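Listing of protein.cif; format and content: mmCIF, C-alpha atoms.
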data_final
loop_
_atom_site.label_atom_id
_atom_site.label_comp_id
_atom_site.auth_asym_id
_atom_site.auth_seq_id
_atom_site.Cartn_x
_atom_site.Cartn_y
_atom_site.Cartn_z
CA MET A 170 11.98 6.68 19.75
CA PRO A 171 12.87 4.39 16.85
CA VAL A 172 15.81 2.08 17.01
CA ASP A 173 17.57 0.99 13.85
CA LYS A 174 17.78 -2.69 14.79
CA GLN A 175 18.25 -5.44 12.26
CA SER A 176 18.02 -3.15 9.23
CA HIS A 177 18.88 -6.17 7.14
CA SER A 178 15.83 -8.21 8.14
CA SER A 179 12.82 -8.70 5.89
CA ILE A 180 9.50 -7.01 6.37
CA PRO A 181 6.72 -7.76 7.10
CA ASP A 182 6.89 -10.29 9.92
CA THR A 183 3.59 -12.08 9.43
CA SER A 184 4.03 -14.08 12.64
CA THR A 185 2.40 -11.19 14.52
CA LYS A 186 -0.88 -9.37 13.88
CA LEU A 187 -0.20 -6.33 11.70
CA PRO A 188 -2.27 -3.15 12.11
CA ARG A 189 -4.49 -2.25 9.14
CA LEU A 190 -4.90 1.34 8.02
CA GLU A 191 -6.60 3.24 5.25
CA VAL A 192 -4.15 5.47 3.38
CA ILE A 193 -4.89 8.12 0.80
CA ILE A 194 -2.11 8.49 -1.78
CA GLU A 195 -0.75 12.04 -2.14
CA ILE A 196 2.42 11.30 -4.11
CA PRO A 197 2.47 8.30 -6.47
CA ARG A 198 5.64 6.27 -6.83
CA GLY A 199 7.79 7.90 -9.54
CA SER A 200 6.30 11.38 -9.09
CA PHE A 201 8.48 14.49 -8.97
CA MET A 202 5.79 16.66 -7.35
CA LYS A 203 5.71 16.66 -3.53
CA ARG A 204 2.28 17.55 -2.22
CA GLY A 205 1.22 18.05 1.36
CA SER A 206 -1.82 16.62 3.12
CA THR A 207 -3.99 19.53 1.90
CA GLY A 208 -3.08 18.75 -1.73
CA GLU A 209 -1.03 21.91 -2.23
CA LEU A 210 2.28 21.60 -4.07
CA ASP A 211 5.14 21.73 -1.54
CA PHE A 212 8.04 21.43 -3.97
CA ILE A 213 9.20 19.78 -7.18
CA SER A 214 11.90 17.21 -6.53
CA PRO A 215 14.89 16.70 -8.83
CA LEU A 216 14.50 12.95 -8.14
CA PRO A 217 11.39 10.79 -8.43
CA CYS A 218 9.78 9.48 -5.25
CA PRO A 219 10.70 5.78 -4.93
CA TYR A 220 7.55 4.92 -2.95
CA ASN A 221 3.85 5.76 -2.88
CA TYR A 222 3.48 8.41 -0.20
CA GLY A 223 0.30 9.44 1.55
CA SER A 224 -1.43 9.91 4.85
CA VAL A 225 -3.75 8.23 7.32
CA GLU A 226 -6.64 10.69 7.52
CA ASN A 227 -7.93 9.68 10.94
CA TYR A 228 -4.65 10.33 12.84
CA ILE A 229 -2.56 13.42 13.53
CA GLY A 230 1.20 12.88 13.82
CA LEU A 231 3.40 14.47 16.47
CA GLU A 232 4.33 17.38 14.19
CA GLY A 233 0.64 18.39 13.83
CA ASP A 234 -0.05 17.09 10.30
CA LEU A 235 -1.89 13.95 9.19
CA LEU A 236 0.05 10.77 9.99
CA ASP A 237 2.37 9.99 7.07
CA ALA A 238 2.36 6.61 5.33
CA VAL A 239 4.60 5.00 2.71
CA VAL A 240 2.98 2.25 0.64
CA LEU A 241 5.43 -0.23 -0.87
CA GLY A 242 4.67 -1.92 -4.17
CA PRO A 243 3.55 -0.78 -7.61
CA ARG A 244 2.63 2.80 -8.48
CA LEU A 245 -0.77 3.91 -7.17
CA GLN A 246 -2.84 6.85 -8.38
CA ARG A 247 -2.92 10.20 -6.58
CA GLY A 248 -6.11 10.35 -4.50
CA GLN A 249 -6.50 6.57 -4.40
CA ARG A 250 -7.55 5.13 -1.04
CA VAL A 251 -6.00 1.80 -0.11
CA SER A 252 -6.38 -0.56 2.82
CA VAL A 253 -2.89 -1.62 3.90
CA TYR A 254 -0.92 -3.50 6.54
CA ALA A 255 1.41 -1.38 8.66
CA VAL A 256 4.68 -3.34 8.83
CA GLY A 257 6.93 -0.80 10.56
CA ALA A 258 7.75 2.87 10.77
CA ILE A 259 10.59 5.27 10.19
CA GLY A 260 11.18 8.08 12.65
CA LEU A 261 12.11 11.36 10.99
CA THR A 262 13.06 14.67 12.54
CA ASP A 263 12.28 17.71 10.38
CA ARG A 264 13.22 21.17 11.71
CA GLY A 265 13.46 19.63 15.18
CA LEU A 266 9.94 18.13 15.03
CA TYR A 267 9.64 14.36 15.32
CA ASP A 268 7.42 12.64 12.73
CA ASP A 269 6.63 8.95 12.16
CA LYS A 270 6.35 7.58 8.61
CA ILE A 271 4.29 4.37 8.71
CA ILE A 272 5.66 1.75 6.28
CA CYS A 273 2.83 -0.22 4.67
CA THR A 274 2.09 -2.96 2.16
CA MET A 275 -1.17 -3.93 0.50
CA ASP A 276 -0.28 -7.61 0.64
CA THR A 277 1.53 -9.35 3.50
CA ALA A 278 3.24 -11.55 0.91
CA ILE A 279 5.25 -8.52 -0.24
CA THR A 280 8.66 -8.59 1.34
CA THR A 281 11.49 -6.16 1.11
CA ARG A 282 14.51 -5.18 3.08
CA ARG A 283 14.40 -2.46 5.70
CA LEU A 284 17.77 -1.11 4.67
CA PRO A 285 16.67 0.52 1.36
CA VAL A 286 13.79 2.26 3.16
CA ILE A 287 16.09 3.48 5.94
CA LEU A 288 18.73 4.63 3.43
CA PHE A 289 16.11 6.54 1.45
CA PHE A 290 14.90 8.38 4.55
CA ARG A 291 18.47 9.19 5.62
CA PHE A 292 19.02 10.72 2.18
CA TYR A 293 15.61 12.46 2.32
CA ALA A 294 16.42 14.00 5.72
CA LYS A 295 19.66 15.46 4.36
CA CYS A 296 17.88 16.85 1.28
CA LYS A 297 15.06 18.26 3.39
CA GLY A 298 17.66 19.94 5.62
CA ILE A 299 19.16 21.68 2.58
CA LEU A 300 15.69 22.73 1.36
CA ASN A 301 14.88 24.08 4.83
CA LEU A 302 18.09 26.17 4.76
CA PHE A 303 16.98 27.77 1.49
CA ARG A 304 13.54 28.38 2.97
CA GLY A 305 15.07 29.94 6.10
CA ARG A 306 13.60 27.28 8.37
CA ARG A 307 15.91 26.19 11.16
CA GLY A 308 16.13 22.99 13.18
CA ARG A 309 17.64 19.52 13.11
CA ASN A 310 16.85 17.12 10.25
CA ALA A 311 17.61 13.41 10.62
CA CYS A 312 16.37 9.89 10.06
CA ASN A 313 15.93 8.32 13.50
CA GLY A 314 15.64 4.73 12.23
CA TRP A 315 13.14 1.87 12.17
CA CYS A 316 10.49 1.19 14.83
CA ASP A 317 7.36 -0.86 15.39
CA ALA A 318 4.27 0.32 13.48
CA GLY A 319 1.99 -0.12 16.51
CA GLU A 320 4.26 2.07 18.63
CA ALA A 321 4.31 4.77 15.95
CA ILE A 322 0.52 4.69 15.55
CA SER A 323 0.09 4.94 19.35
CA ARG A 324 2.13 8.18 19.35
CA ALA A 325 -0.36 9.76 16.92
CA ARG A 326 -3.64 11.16 18.16
CA PRO A 327 -7.02 10.32 16.64
CA LEU A 328 -8.46 13.12 14.52
CA GLU A 329 -11.43 14.55 16.36
CA GLY A 330 -14.32 15.29 14.02
CA SER A 331 -14.18 15.09 10.25
CA HIS A 332 -13.02 18.61 9.34
CA TRP A 333 -9.28 18.75 8.59
CA THR A 334 -8.02 22.24 7.70
CA GLY A 335 -4.33 21.40 7.38
CA PRO A 336 -1.22 21.60 9.53
CA VAL A 337 -0.60 24.56 11.80
CA ILE A 338 3.12 24.64 10.91
CA PRO A 339 4.03 25.27 7.24
CA PHE A 340 6.15 22.59 5.59
#
Go ahead and render the structure in this file as structure tokens.
Amino acid sequence: MPVDKQSHSSIPDTSTKLPRLEVIIEIPRGSFMKRGSTGELDFISPLPCPYNYGSVENYIGLEGDLLDAVVLGPRLQRGQRVSVYAVGAIGLTDRGLYDDKIICTMDTAITTRRLPVILFFRFYAKCKGILNLFRGRRGRNACNGWCDAGEAISRARPLEGSHWTGPVIPF
């Protein structure tokens, strides 16, 4: 599980080989509409999303949905496919189900601090917990901290075949 070590350090660490992934953007930076991996509207947020949010279509995360990815940098268009470097991951528990969020950049020259990303996901977990209460969905919600991108990707399973019908569990 993720460990929130050195949340003050910069990312990415270009001294090691970073995994590359293809991410499809579902929620552009600044958007208020939260869509799931199938494109359906999940909810409208009172706050804009501070990051581009999408998924890696060839991996299934531990909660049974496409592997989530956050792409740092400027706003990208919904539906845009981007090739990115995976620089880390955030572990999130939603209704008791563990889920990795791969943190990505399009350019290894982009640096940021881990702390704002971790703080956002701590806040997000609390908000998602409140939303789940209103929806009548029980279970623990929490941000589990930062971890290595390669470790997070290895926990996901490759998507077998090319036909994705959506997650089994509603979100």
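From CA of Phe289 in chain A back to CA of Asp263 in chain A, the distance works out to 14.8 Å.
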| message | Can you measure CA of Leu284 in chain A to CA of Asp317 in chain A for me? One decimal in Å is fine. | response | 14.9 Å
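Computed from the coordinates, the CA of Gly230 in chain A to CA of Arg326 in chain A distance equals 6.7 Å.
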| said: Quick check on the file I pasted: which residues fall under the PyMOL selection byres ((chain A and resi 211) around 12)? Write them as a PyMOL selection string. | reply: chain A and resi 195-196+201-210+212-214+297+300-301+304+339-340
| message | For the provided coordinates, the residues matched by the PyMOL selection byres ((chain A and resi 249-259) around 8) should be stated as JSON, numbers by chain. | response | {"A": [171, 180, 181, 182, 187, 188, 189, 190, 191, 192, 193, 194, 240, 245, 246, 247, 248, 260, 261, 269, 270, 271, 272, 273, 274, 275, 276, 277, 287, 290, 312, 313, 314, 315, 316, 317, 318, 319, 321]}
| said: Residues near Leu236 in chain A, anyone? I mean within 9 Å using only C-alpha atoms, not counting same-chain ones fewer than 4 positions away, as a VMD selection string. | reply: chain A and resid 223 to 232 268 to 271 322 325 to 326
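Proximity of A:Gly335, A:Thr262, A:Pro327, A:Pro219 to Ala311 in chain A, computed with only C-alpha atoms, is greatest for A:Thr262.
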